[in-house]
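Asker: Dropping a structure here in structure tokens format, bear with me for questions.
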Amino acid sequence: MSASKKQRIAELANQHGRQVFQSAFRLLSDVHQAEDITQEVFLKLFNKSEDGLAQVDNWGAYLRSMSISTAIDLLRKQKRQGEDALETNSELISPSAAQPSQQLMTSRDMAAFADALKYVKAQDAEIFCMRFVEGYSYQEIAKVFDISQSLVGVRLHRCQQELLSRVGHSQSLGDSYAV
């Protein structure tokens, strides 16, 4: 491996590491698992060819997509192993929430959402998270996955319907999820 490749990956880690971590943490609600995902994402870059690295146009989107994908893979692995990886985590609960009951309901909603993501097709879950967790536009998502904006909309709708059927009612919002 060339020194320039190592240096480029180190620069990417410095520049985008925090966003990669945040993407994983939003799905996993666990600092240690998010750190592991972050490390895994950058380790995967060492296995890419230099030509493969040169083809990436938007590193931020590419790395966050890798983070989301890797986090969803971890959730699915935990589901297969019968683990409940989504324990209540004090870092998940907003310190600005007024009442402990509201904090608990929000925590349960987040756990239900992450659990439901395990059952959605992998790429649909990634697209959903990029749109609604990370805030990417249809155009940006289409470019990352090399699909049309129309297909992004179709996949988002399909994923929303699946998540709604699995999650249903929001305890903290008092209404059905509307994304």
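Ligands are numbered from 1 in the order shown, residues from 1 within each chain, and chains are lettered A, B, ... in the order they appear in the structure tokens.
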Using only C-alpha atoms, which residues sit within 12 Å of Ser23 in chain A once same-chain residues fewer than 3 positions away are excluded, as a compact mmCIF listing (two decimals) with N, CA and C atoms, in the first residue's frame?
Answerer:
# COMPACT_ATOMS: atom_id res chain seq x y z
N HIS A 16 -13.95 13.54 7.77
CA HIS A 16 -15.31 12.99 7.78
C HIS A 16 -15.60 12.03 8.93
N GLY A 17 -14.63 11.79 9.77
CA GLY A 17 -14.80 10.81 10.85
C GLY A 17 -15.97 11.11 11.77
N ARG A 18 -16.15 12.36 12.12
CA ARG A 18 -17.24 12.73 13.03
C ARG A 18 -18.61 12.45 12.39
N GLN A 19 -18.77 12.78 11.12
CA GLN A 19 -20.04 12.53 10.44
C GLN A 19 -20.31 11.03 10.31
N VAL A 20 -19.27 10.25 10.06
CA VAL A 20 -19.41 8.79 9.97
C VAL A 20 -19.88 8.26 11.32
N ARG A 26 -26.69 7.52 15.34
CA ARG A 26 -28.13 7.78 15.20
C ARG A 26 -28.93 6.50 15.04
N LEU A 27 -28.34 5.51 14.44
CA LEU A 27 -29.03 4.24 14.25
C LEU A 27 -28.83 3.27 15.41
N LEU A 28 -27.66 3.29 16.01
CA LEU A 28 -27.32 2.30 17.02
C LEU A 28 -27.55 2.77 18.45
N SER A 29 -27.49 4.06 18.67
CA SER A 29 -27.65 4.65 20.01
C SER A 29 -26.65 4.08 21.01
N ASP A 30 -25.50 3.71 20.53
CA ASP A 30 -24.47 3.15 21.39
C ASP A 30 -23.12 3.70 20.95
N VAL A 31 -22.44 4.39 21.85
CA VAL A 31 -21.18 5.04 21.52
C VAL A 31 -20.13 4.03 21.07
N GLN A 33 -20.47 0.94 19.85
CA GLN A 33 -20.77 0.35 18.56
C GLN A 33 -20.55 1.35 17.43
N ALA A 34 -20.93 2.61 17.65
CA ALA A 34 -20.71 3.64 16.63
C ALA A 34 -19.22 3.84 16.36
N GLU A 35 -18.41 3.77 17.41
CA GLU A 35 -16.96 3.88 17.23
C GLU A 35 -16.43 2.70 16.42
N ILE A 37 -18.11 0.95 14.23
CA ILE A 37 -18.56 1.13 12.85
C ILE A 37 -17.66 2.13 12.14
N THR A 38 -17.33 3.22 12.82
CA THR A 38 -16.46 4.24 12.24
C THR A 38 -15.11 3.64 11.85
N VAL A 41 -15.51 1.34 8.81
CA VAL A 41 -15.68 2.07 7.55
C VAL A 41 -14.32 2.48 6.98
N GLY A 60 -18.15 12.74 1.58
CA GLY A 60 -19.06 12.82 2.73
C GLY A 60 -20.24 11.88 2.58
N ALA A 61 -20.89 11.94 1.43
CA ALA A 61 -22.05 11.08 1.18
C ALA A 61 -21.63 9.61 1.11
N TYR A 62 -20.53 9.34 0.46
CA TYR A 62 -20.06 7.97 0.30
C TYR A 62 -19.77 7.34 1.67
N LEU A 63 -19.05 8.06 2.51
CA LEU A 63 -18.68 7.51 3.81
C LEU A 63 -19.87 7.38 4.75
N ARG A 64 -20.80 8.33 4.71
CA ARG A 64 -22.00 8.21 5.54
C ARG A 64 -22.86 7.06 5.07
N SER A 65 -22.92 6.85 3.77
CA SER A 65 -23.65 5.70 3.23
C SER A 65 -23.02 4.40 3.72
N MET A 66 -21.70 4.34 3.70
CA MET A 66 -21.00 3.15 4.21
C MET A 66 -21.30 2.95 5.70
N SER A 67 -21.33 4.04 6.44
CA SER A 67 -21.61 3.97 7.87
C SER A 67 -23.01 3.44 8.13
N ILE A 68 -23.98 3.97 7.42
CA ILE A 68 -25.37 3.53 7.58
C ILE A 68 -25.50 2.06 7.21
N SER A 69 -24.90 1.67 6.10
CA SER A 69 -24.96 0.29 5.65
C SER A 69 -24.33 -0.65 6.67
N THR A 70 -23.19 -0.28 7.19
CA THR A 70 -22.49 -1.11 8.16
C THR A 70 -23.27 -1.19 9.47
N ALA A 71 -23.89 -0.08 9.89
CA ALA A 71 -24.70 -0.09 11.11
C ALA A 71 -25.94 -0.97 10.94
N ILE A 72 -26.57 -0.89 9.79
CA ILE A 72 -27.74 -1.74 9.52
C ILE A 72 -27.33 -3.21 9.50
N GLU A 126 -30.87 2.15 3.77
CA GLU A 126 -29.82 3.15 3.59
C GLU A 126 -30.39 4.42 2.99
N CYS A 129 -32.46 6.28 5.60
CA CYS A 129 -31.62 6.95 6.60
C CYS A 129 -30.89 8.15 6.00
N MET A 130 -30.45 8.02 4.78
CA MET A 130 -29.78 9.16 4.15
C MET A 130 -30.75 10.33 4.00
N ARG A 131 -32.00 10.04 3.68
CA ARG A 131 -32.98 11.10 3.48
C ARG A 131 -33.47 11.69 4.80
N PHE A 132 -33.90 10.84 5.72
CA PHE A 132 -34.59 11.34 6.91
C PHE A 132 -33.71 11.44 8.15
N VAL A 133 -32.59 10.74 8.18
CA VAL A 133 -31.69 10.86 9.32
C VAL A 133 -30.57 11.84 8.99
N GLU A 134 -30.03 11.73 7.79
CA GLU A 134 -28.90 12.57 7.39
C GLU A 134 -29.32 13.83 6.63
N GLY A 135 -30.53 13.85 6.07
CA GLY A 135 -31.02 15.05 5.40
C GLY A 135 -30.58 15.23 3.96
Asker: Could you check which of A:Lys79, A:Lys44, A:Arg155, A:Arg8 is closest to Asp115 in chain A, using only C-alpha atoms?
Answerer: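 So, comparing all the options, the nearest one is A:Lys79.
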Asker: Counting only C-alpha atoms, which of A:Ala116, A:Gln149, A:Val144, A:Ala122 gets nearest to Gln161 in chain A?
Answerer: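 Comparing A:Ala116, A:Gln149, A:Val144, A:Ala122 against Gln161 in chain A, the winner is A:Ala116.
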Asker: If you measure from CA of Ala10 in chain A to CA of Leu45 in chain A, what distance in Å do you get, rounded to one decimal?
Answerer: 10.3 Å
Asker: A:Lys118, A:Arg158, A:Arg76, A:Lys6: which is nearest Phe42 in chain A, counting only C-alpha atoms?
Answerer: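 Of the candidates, the smallest distance to Phe42 in chain A is held by A:Lys6.
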Asker: Between A:Ser49, A:Trp59, A:Ile147, A:Leu12, which residue has the minimum interatomic distance to Gln123 in chain A, considering only C-alpha atoms?
Answerer: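 Closest residue, counting only C-alpha atoms: A:Ile147.
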Asker: Set the distance at 12 Å and use only C-alpha atoms: which residues neighbour Lys143 in chain A once local chain neighbours fewer than 2 positions away are removed? I'd like the list as a PyMOL selection string.
Answerer: chain A and resi 56-58+61-62+65+127+136-141+145-149+151-152
